[in-house]
$ cat coords_38.cif   # mmCIF, C-alpha atoms
data_target
loop_
_atom_site.group_PDB
_atom_site.id
_atom_site.type_symbol
_atom_site.label_atom_id
_atom_site.label_comp_id
_atom_site.auth_asym_id
_atom_site.auth_seq_id
_atom_site.Cartn_x
_atom_site.Cartn_y
_atom_site.Cartn_z
ATOM 1 C CA MET W 1 -71.380 -52.635 -8.395
ATOM 2 C CA ILE W 2 -70.067 -54.682 -5.520
ATOM 3 C CA LEU W 3 -66.725 -55.167 -7.254
ATOM 4 C CA SER W 4 -66.449 -51.464 -8.022
ATOM 5 C CA GLY W 5 -67.121 -50.531 -4.404
ATOM 6 C CA ASN W 6 -64.497 -52.936 -3.036
ATOM 7 C CA TYR W 7 -61.850 -51.737 -5.483
ATOM 8 C CA GLY W 8 -62.591 -48.148 -4.572
ATOM 9 C CA GLU W 9 -61.572 -48.784 -0.934
ATOM 10 C CA LEU W 10 -58.477 -50.831 -1.768
ATOM 11 C CA PRO W 11 -55.964 -48.037 -2.580
ATOM 12 C CA GLU W 12 -56.468 -46.307 0.803
ATOM 13 C CA LYS W 13 -56.031 -49.558 2.739
ATOM 14 C CA ARG W 14 -53.009 -50.494 0.586
ATOM 15 C CA ASN W 15 -51.342 -47.080 1.122
ATOM 16 C CA ALA W 16 -51.943 -47.268 4.858
ATOM 17 C CA PHE W 17 -50.473 -50.783 4.986
ATOM 18 C CA TYR W 18 -47.384 -49.858 2.947
ATOM 19 C CA SER W 19 -46.838 -46.681 5.021
ATOM 20 C CA THR W 20 -46.900 -48.731 8.231
ATOM 21 C CA VAL W 21 -44.464 -51.273 6.796
ATOM 22 C CA LEU W 22 -42.123 -48.515 5.547
ATOM 23 C CA VAL W 23 -42.042 -46.751 8.925
ATOM 24 C CA THR W 24 -41.377 -50.075 10.654
ATOM 25 C CA ILE W 25 -38.489 -50.881 8.288
ATOM 26 C CA VAL W 26 -36.924 -47.421 8.715
ATOM 27 C CA VAL W 27 -37.120 -47.572 12.514
ATOM 28 C CA ALA W 28 -35.760 -51.113 12.617
ATOM 29 C CA THR W 29 -32.913 -50.126 10.290
ATOM 30 C CA LEU W 30 -31.978 -47.132 12.430
ATOM 31 C CA LEU W 31 -31.965 -49.240 15.583
ATOM 32 C CA ALA W 32 -29.794 -51.893 13.932
ATOM 33 C CA VAL W 33 -27.003 -49.428 12.915
ATOM 34 C CA PRO W 34 -24.286 -49.193 15.611
ATOM 35 C CA THR W 35 -23.536 -45.741 16.991
ATOM 36 C CA ALA W 36 -20.356 -44.223 15.512
ATOM 37 C CA ILE W 37 -18.678 -40.840 15.589
ATOM 38 C CA ALA W 38 -19.267 -39.084 12.279
ATOM 39 C CA ASP W 39 -16.434 -37.428 10.385
ATOM 40 C CA VAL W 40 -15.935 -33.800 11.372
ATOM 41 C CA PHE W 41 -14.555 -30.852 9.438
ATOM 42 C CA HIS W 42 -12.284 -28.408 11.248
ATOM 43 C CA GLY W 43 -9.970 -26.897 8.662
ATOM 44 C CA ARG W 44 -9.607 -30.394 7.149
ATOM 45 C CA TRP W 45 -11.615 -33.585 7.465
ATOM 46 C CA ILE W 46 -10.860 -35.567 10.646
ATOM 47 C CA ARG W 47 -11.881 -39.204 10.531
ATOM 48 C CA GLY W 48 -11.769 -42.631 12.129
ATOM 49 C CA ALA W 49 -9.498 -43.467 15.051
ATOM 50 C CA ILE W 50 -7.779 -40.072 14.859
ATOM 51 C CA GLU W 51 -11.128 -38.342 15.207
ATOM 52 C CA GLU W 52 -12.063 -40.527 18.172
ATOM 53 C CA THR W 53 -8.936 -39.402 20.024
ATOM 54 C CA TYR W 54 -9.413 -35.794 18.886
ATOM 55 C CA VAL W 55 -12.907 -35.773 20.416
ATOM 56 C CA ARG W 56 -11.909 -37.840 23.477
ATOM 57 C CA LEU W 57 -9.199 -35.342 24.458
ATOM 58 C CA GLY W 58 -11.267 -32.180 24.066
ATOM 59 C CA GLY W 59 -11.915 -31.668 20.359
ATOM 60 C CA HIS W 60 -11.730 -28.318 18.609
ATOM 61 C CA ALA W 61 -11.724 -26.311 21.841
ATOM 62 C CA VAL W 62 -8.402 -27.920 22.835
ATOM 63 C CA TRP W 63 -6.632 -28.774 19.559
ATOM 64 C CA GLY W 64 -8.099 -26.290 17.063
ATOM 65 C CA ASP W 65 -8.311 -26.921 13.332
ATOM 66 C CA ALA W 66 -6.494 -29.691 11.516
ATOM 67 C CA ILE W 67 -3.591 -28.166 9.557
ATOM 68 C CA SER W 68 -2.904 -31.278 7.482
ATOM 69 C CA ASP W 69 -4.954 -34.018 5.900
ATOM 70 C CA GLU W 70 -4.722 -37.494 7.389
ATOM 71 C CA THR W 71 -1.412 -38.793 6.042
ATOM 72 C CA PRO W 72 -0.094 -42.360 5.646
ATOM 73 C CA GLY W 73 2.681 -43.280 8.101
ATOM 74 C CA ALA W 74 5.076 -46.143 8.729
ATOM 75 C CA ARG W 75 3.822 -49.749 8.889
ATOM 76 C CA GLY W 76 0.299 -48.983 7.776
ATOM 77 C CA GLY W 77 -0.380 -46.163 10.238
ATOM 78 C CA THR W 78 -1.685 -42.630 9.726
ATOM 79 C CA ASN W 79 -1.214 -39.225 11.334
ATOM 80 C CA GLN W 80 -2.676 -35.746 11.371
ATOM 81 C CA HIS W 81 -1.373 -32.425 12.690
ATOM 82 C CA PHE W 82 -3.404 -29.755 14.487
ATOM 83 C CA TYR W 83 -3.206 -26.005 15.039
ATOM 84 C CA ASN W 84 -2.511 -26.044 18.775
ATOM 85 C CA ASP W 85 0.950 -27.636 18.527
ATOM 86 C CA ALA W 86 -0.190 -31.246 18.586
ATOM 87 C CA SER W 87 -0.375 -34.325 16.399
ATOM 88 C CA ILE W 88 -2.313 -37.572 16.591
ATOM 89 C CA PHE W 89 -0.721 -40.808 15.346
ATOM 90 C CA TRP W 90 -2.438 -44.138 14.783
ATOM 91 C CA ASN W 91 -1.352 -47.649 13.902
ATOM 92 C CA PRO W 92 -3.737 -50.628 13.991
ATOM 93 C CA ASP W 93 -1.126 -52.816 15.695
ATOM 94 C CA VAL W 94 -0.076 -50.332 18.413
ATOM 95 C CA SER W 95 -1.856 -49.460 21.654
ATOM 96 C CA GLY W 96 -4.822 -51.672 20.827
ATOM 97 C CA GLY W 97 -5.594 -49.600 17.748
ATOM 98 C CA VAL W 98 -6.142 -46.419 19.794
ATOM 99 C CA ALA W 99 -4.717 -43.254 18.216
ATOM 100 C CA ARG W 100 -2.389 -41.268 20.508
ATOM 101 C CA GLN W 101 -1.652 -37.554 20.865
ATOM 102 C CA VAL W 102 1.837 -36.044 21.060
ATOM 103 C CA GLY W 103 2.504 -32.325 21.363
ATOM 104 C CA GLY W 104 4.804 -29.441 22.250
ATOM 105 C CA LEU W 105 8.487 -30.010 22.964
ATOM 106 C CA ILE W 106 7.938 -33.748 23.326
ATOM 107 C CA ARG W 107 6.732 -33.812 19.736
ATOM 108 C CA SER W 108 9.697 -31.698 18.635
ATOM 109 C CA LYS W 109 12.127 -34.138 20.267
ATOM 110 C CA TRP W 110 10.309 -37.081 18.684
ATOM 111 C CA GLU W 111 10.556 -35.337 15.320
ATOM 112 C CA GLU W 112 14.342 -35.016 15.840
ATOM 113 C CA ASN W 113 14.379 -38.803 16.152
ATOM 114 C CA ASP W 114 12.478 -39.388 12.863
ATOM 115 C CA TRP W 115 8.940 -39.611 14.225
ATOM 116 C CA GLU W 116 7.481 -43.134 14.144
ATOM 117 C CA GLN W 117 10.137 -44.278 11.659
ATOM 118 C CA GLY W 118 12.905 -43.825 14.246
ATOM 119 C CA TYR W 119 13.889 -46.119 17.092
ATOM 120 C CA LEU W 120 11.121 -44.757 19.357
ATOM 121 C CA GLY W 121 8.358 -45.915 17.009
ATOM 122 C CA TYR W 122 4.704 -45.005 17.576
ATOM 123 C CA PRO W 123 3.363 -43.447 20.802
ATOM 124 C CA THR W 124 1.660 -45.903 23.151
ATOM 125 C CA THR W 125 0.195 -43.234 25.464
ATOM 126 C CA ASP W 126 -1.234 -39.763 25.070
ATOM 127 C CA GLU W 127 0.844 -36.898 26.430
ATOM 128 C CA THR W 128 0.439 -37.250 30.201
ATOM 129 C CA ALA W 129 1.189 -34.984 33.162
ATOM 130 C CA LEU W 130 3.765 -36.106 35.733
ATOM 131 C CA PRO W 131 1.927 -37.048 38.936
ATOM 132 C CA GLN W 132 4.099 -35.219 41.496
ATOM 133 C CA ARG W 133 5.843 -32.342 39.693
ATOM 134 C CA THR W 134 5.465 -30.051 36.711
ATOM 135 C CA GLY W 135 6.230 -31.936 33.537
ATOM 136 C CA ARG W 136 4.843 -34.296 30.929
ATOM 137 C CA PHE W 137 5.742 -37.516 29.131
ATOM 138 C CA ASN W 138 4.812 -39.896 26.335
ATOM 139 C CA HIS W 139 5.688 -43.580 26.200
ATOM 140 C CA PHE W 140 6.569 -44.992 22.787
ATOM 141 C CA GLU W 141 7.183 -48.486 21.412
ATOM 142 C CA GLY W 142 10.945 -48.090 21.790
ATOM 143 C CA GLY W 143 11.273 -45.762 24.785
ATOM 144 C CA SER W 144 9.848 -42.619 26.384
ATOM 145 C CA ILE W 145 10.266 -38.859 26.178
ATOM 146 C CA TYR W 146 10.101 -36.834 29.392
ATOM 147 C CA TRP W 147 9.834 -33.041 29.626
ATOM 148 C CA SER W 148 9.865 -30.451 32.401
ATOM 149 C CA PRO W 149 10.491 -26.679 32.353
ATOM 150 C CA GLU W 150 13.780 -27.205 34.215
ATOM 151 C CA THR W 151 15.186 -30.103 32.181
ATOM 152 C CA GLY W 152 13.707 -29.842 28.690
ATOM 153 C CA ALA W 153 12.565 -32.848 26.651
ATOM 154 C CA HIS W 154 14.770 -35.956 26.438
ATOM 155 C CA PRO W 155 14.261 -39.555 25.297
ATOM 156 C CA VAL W 156 15.057 -42.501 27.572
ATOM 157 C CA SER W 157 15.201 -46.060 26.274
ATOM 158 C CA GLY W 158 16.699 -49.525 26.549
ATOM 159 C CA ALA W 159 18.665 -50.601 29.616
ATOM 160 C CA ILE W 160 18.912 -47.050 30.946
ATOM 161 C CA LYS W 161 15.123 -46.732 30.960
ATOM 162 C CA GLN W 162 14.776 -50.144 32.601
ATOM 163 C CA TYR W 163 17.117 -49.136 35.402
ATOM 164 C CA TRP W 164 15.552 -45.700 35.832
ATOM 165 C CA SER W 165 12.009 -47.140 35.971
ATOM 166 C CA ALA W 166 13.106 -49.705 38.579
ATOM 167 C CA GLN W 167 14.351 -46.858 40.784
ATOM 168 C CA GLY W 168 11.055 -44.944 40.585
ATOM 169 C CA TRP W 169 11.228 -42.837 37.409
ATOM 170 C CA GLU W 170 11.394 -39.054 38.041
ATOM 171 C CA ASN W 171 10.588 -39.591 41.731
ATOM 172 C CA SER W 172 13.793 -41.569 42.238
ATOM 173 C CA LEU W 173 17.107 -40.143 43.476
ATOM 174 C CA LEU W 174 18.101 -39.622 39.845
ATOM 175 C CA GLY W 175 15.263 -37.232 38.998
ATOM 176 C CA LEU W 176 14.522 -36.420 35.347
ATOM 177 C CA PRO W 177 16.908 -36.821 32.394
ATOM 178 C CA THR W 178 18.819 -33.658 31.518
ATOM 179 C CA SER W 179 20.408 -34.960 28.305
ATOM 180 C CA ASP W 180 19.722 -37.299 25.441
ATOM 181 C CA PRO W 181 21.619 -40.613 25.480
ATOM 182 C CA GLU W 182 25.269 -40.143 24.518
ATOM 183 C CA LEU W 183 28.042 -42.426 23.282
ATOM 184 C CA ASP W 184 31.395 -42.100 25.087
ATOM 185 C CA LEU W 185 33.902 -43.273 22.473
ATOM 186 C CA VAL W 186 36.776 -43.300 24.971
ATOM 187 C CA ASP W 187 35.149 -45.682 27.436
ATOM 188 C CA VAL W 188 32.872 -47.283 24.813
ATOM 189 C CA THR W 189 29.888 -46.704 27.053
ATOM 190 C CA GLY W 190 26.406 -45.319 26.721
ATOM 191 C CA LEU W 191 25.800 -42.377 29.039
ATOM 192 C CA GLN W 192 22.798 -40.341 30.070
ATOM 193 C CA HIS W 193 22.742 -37.423 32.506
ATOM 194 C CA PHE W 194 19.964 -36.969 35.051
ATOM 195 C CA GLU W 195 19.286 -34.191 37.533
ATOM 196 C CA HIS W 196 21.155 -35.896 40.364
ATOM 197 C CA GLY W 197 23.437 -38.401 38.692
ATOM 198 C CA ASP W 198 24.472 -40.252 35.540
ATOM 199 C CA VAL W 199 23.732 -43.726 34.249
ATOM 200 C CA ARG W 200 26.274 -45.556 32.083
ATOM 201 C CA VAL W 201 25.782 -48.716 30.066
ATOM 202 C CA ALA W 202 28.765 -50.893 29.115
ATOM 203 C CA LEU W 203 28.414 -51.592 25.420
ATOM 204 C CA ARG W 204 31.043 -54.266 24.732
ATOM 205 C CA SER W 205 32.113 -55.848 27.997
ATOM 206 C CA MET W 206 30.713 -57.010 31.316
ATOM 207 C CA THR W 207 33.279 -55.004 33.282
ATOM 208 C CA PRO W 208 31.560 -53.147 36.153
ATOM 209 C CA LEU W 209 31.595 -49.384 35.769
ATOM 210 C CA PRO W 210 32.736 -47.058 38.563
ATOM 211 C CA LEU W 211 29.892 -45.589 40.573
ATOM 212 C CA SER W 212 29.509 -41.823 40.504
ATOM 213 C CA ASP W 213 27.168 -38.994 41.193
ATOM 214 C CA LYS W 214 27.180 -35.194 40.892
ATOM 215 C CA LYS W 215 27.694 -34.445 44.595
ATOM 216 C CA PRO W 216 31.276 -34.514 45.926
ATOM 217 C CA HIS W 217 30.234 -35.685 49.386
ATOM 218 C CA SER W 218 27.037 -37.573 48.755
ATOM 219 C CA SER W 219 25.674 -40.044 51.274
ATOM 220 C CA TYR W 220 24.341 -42.261 48.513
ATOM 221 C CA ARG W 221 25.357 -43.515 45.120
ATOM 222 C CA VAL W 222 22.861 -43.202 42.302
ATOM 223 C CA VAL W 223 24.686 -44.751 39.339
ATOM 224 C CA VAL W 224 25.236 -48.470 38.919
ATOM 225 C CA PRO W 225 26.365 -50.689 36.040
ATOM 226 C CA VAL W 226 23.454 -51.638 33.830
ATOM 227 C CA PHE W 227 23.456 -54.644 31.508
ATOM 228 C CA PRO W 228 22.711 -55.756 28.831
ATOM 229 C CA VAL W 229 23.496 -53.361 26.002
ATOM 230 C CA ASP W 230 20.842 -51.199 24.288
ATOM 231 C CA PHE W 231 20.398 -47.508 25.065
ATOM 232 C CA THR W 232 19.614 -46.225 21.557
ATOM 233 C CA ALA W 233 19.019 -47.911 18.243
ATOM 234 C CA GLY W 234 22.109 -46.255 16.781
ATOM 235 C CA SER W 235 24.421 -47.865 19.318
ATOM 236 C CA LYS W 236 23.379 -51.498 18.920
#

$ encode --input "coords_38.cif" --output "structure tokens"
Amino acid sequence: MILSGNYGELPEKRNAFYSTVLVTIVVATLLAVPTAIADVFHGRWIRGAIEETYVRLGGHAVWGDAISDETPGARGGTNQHFYNDASIFWNPDVSGGVARQVGGLIRSKWEENDWEQGYLGYPTTDETALPQRTGRFNHFEGGSIYWSPETGAHPVSGAIKQYWSAQGWENSLLGLPTSDPELDLVDVTGLQHFEHGDVRVALRSMTPLPLSDKKPHSSYRVVVPVFPVDFTAGSK
């Protein structure tokens, strides 16, 4: 009788004990899992580092649906394209593993130069507004692309970019680039036009280049010899 009574109470106590243990394990497990952004579906699945940038820069309200699946890119990277004229590119070894957004005419110019497989490589910044005038830019591994309504989108790289940045970028006397880098076969020089002057790079000699600008009676000179060589990958 005593044994029967004790066994009759045991299942309820056992169930209560196991329920308490189970709840404790579930709660502890949930607390131990680090917070992560879940994959989202907007036209296509958006995942990982690309999704983090997609959400960080405004998500579906800004970029719309994905119009491609995440696609393998150069050197172990990936990319995905979105409805509102933008793409996000990621490479684990670039920009600290942060995926970067490129869009509009800057993206079109980058595409002309073979995307991340060209001399510009992967983007190292998101598309960013110019601080003191209307326009936008992206920096890349091998150069930059600058755009404004007046000048269009143009890449700048190598020694020309180094000189231009030292003068103050678009806020310098040169202003924004108005052409892509060019090769002058007569003078064997690299040339790029800016709003208020030109920059030339001597490709095969250390001979100083004549200074010039676009104003016939200018009180300043905005073009100087720039060395060493390297204004586009194709000219090396």

$ closest_residue --input "coords_38.cif" --among "W:Val55, W:Glu116, W:Arg47, W:Asn138" --to "Gly77 of chain W" --atoms "all atoms listed in the file"
W:Glu116

$ resolve_selection --input "coords_38.cif" --expression "the PyMOL selection byres ((chain W and resi 160-171) around 9)" --output "PyMOL selection string"
chain W and resi 130+132-133+143-144+156-159+172-177+181+190-192+199-201+224+226-227+230-231

$ closest_residue --input "coords_38.cif" --among "W:Leu105, W:Val40, W:Ala61, W:Ala74" --to "Tyr122 of chain W" --atoms "only C-alpha atoms"
W:Ala74

$ residues_around --input "coords_38.cif" --residues "Ala99 of chain W" --least-positions-apart "5" --cutoff "12 Å" --atoms "all atoms listed in the file" --output "PyMOL selection string"
chain W and resi 47-57+77-80+87-94+122-127

$ write_last_selection --input "coords_38.cif" --atoms "C-alpha atoms" --output "JSON list (two decimals), in the frame of the given file"
[["chain", "number", "residue", "atom", "x", "y", "z"],
["W", 47, "ARG", "CA", -11.88, -39.20, 10.53],
["W", 48, "GLY", "CA", -11.77, -42.63, 12.13],
["W", 49, "ALA", "CA", -9.50, -43.47, 15.05],
["W", 50, "ILE", "CA", -7.78, -40.07, 14.86],
["W", 51, "GLU", "CA", -11.13, -38.34, 15.21],
["W", 52, "GLU", "CA", -12.06, -40.53, 18.17],
["W", 53, "THR", "CA", -8.94, -39.40, 20.02],
["W", 54, "TYR", "CA", -9.41, -35.79, 18.89],
["W", 55, "VAL", "CA", -12.91, -35.77, 20.42],
["W", 56, "ARG", "CA", -11.91, -37.84, 23.48],
["W", 57, "LEU", "CA", -9.20, -35.34, 24.46],
["W", 77, "GLY", "CA", -0.38, -46.16, 10.24],
["W", 78, "THR", "CA", -1.68, -42.63, 9.73],
["W", 79, "ASN", "CA", -1.21, -39.22, 11.33],
["W", 80, "GLN", "CA", -2.68, -35.75, 11.37],
["W", 87, "SER", "CA", -0.38, -34.33, 16.40],
["W", 88, "ILE", "CA", -2.31, -37.57, 16.59],
["W", 89, "PHE", "CA", -0.72, -40.81, 15.35],
["W", 90, "TRP", "CA", -2.44, -44.14, 14.78],
["W", 91, "ASN", "CA", -1.35, -47.65, 13.90],
["W", 92, "PRO", "CA", -3.74, -50.63, 13.99],
["W", 93, "ASP", "CA", -1.13, -52.82, 15.70],
["W", 94, "VAL", "CA", -0.08, -50.33, 18.41],
["W", 122, "TYR", "CA", 4.70, -45.00, 17.58],
["W", 123, "PRO", "CA", 3.36, -43.45, 20.80],
["W", 124, "THR", "CA", 1.66, -45.90, 23.15],
["W", 125, "THR", "CA", 0.20, -43.23, 25.46],
["W", 126, "ASP", "CA", -1.23, -39.76, 25.07],
["W", 127, "GLU", "CA", 0.84, -36.90, 26.43]]

$ resolve_selection --input "coords_38.cif" --expression "the PyMOL selection byres ((chain W and resi 103) around 12)" --output "PyMOL selection string"
chain W and resi 62-63+80-89+100-102+104-111+123+125-128+136-138+145-147+153

$ atom_distance --input "coords_38.cif" --atom1 "atom CA of Gly121 of chain W" --atom2 "atom CA of Glu70 of chain W"
18.3 Å

$ atom_distance --input "coords_38.cif" --atom1 "atom CA of Asp65 of chain W" --atom2 "atom CA of Arg44 of chain W"
7.2 Å

$ atom_distance --input "coords_38.cif" --atom1 "atom CA of Asn113 of chain W" --atom2 "atom CA of Phe194 of chain W"
19.8 Å
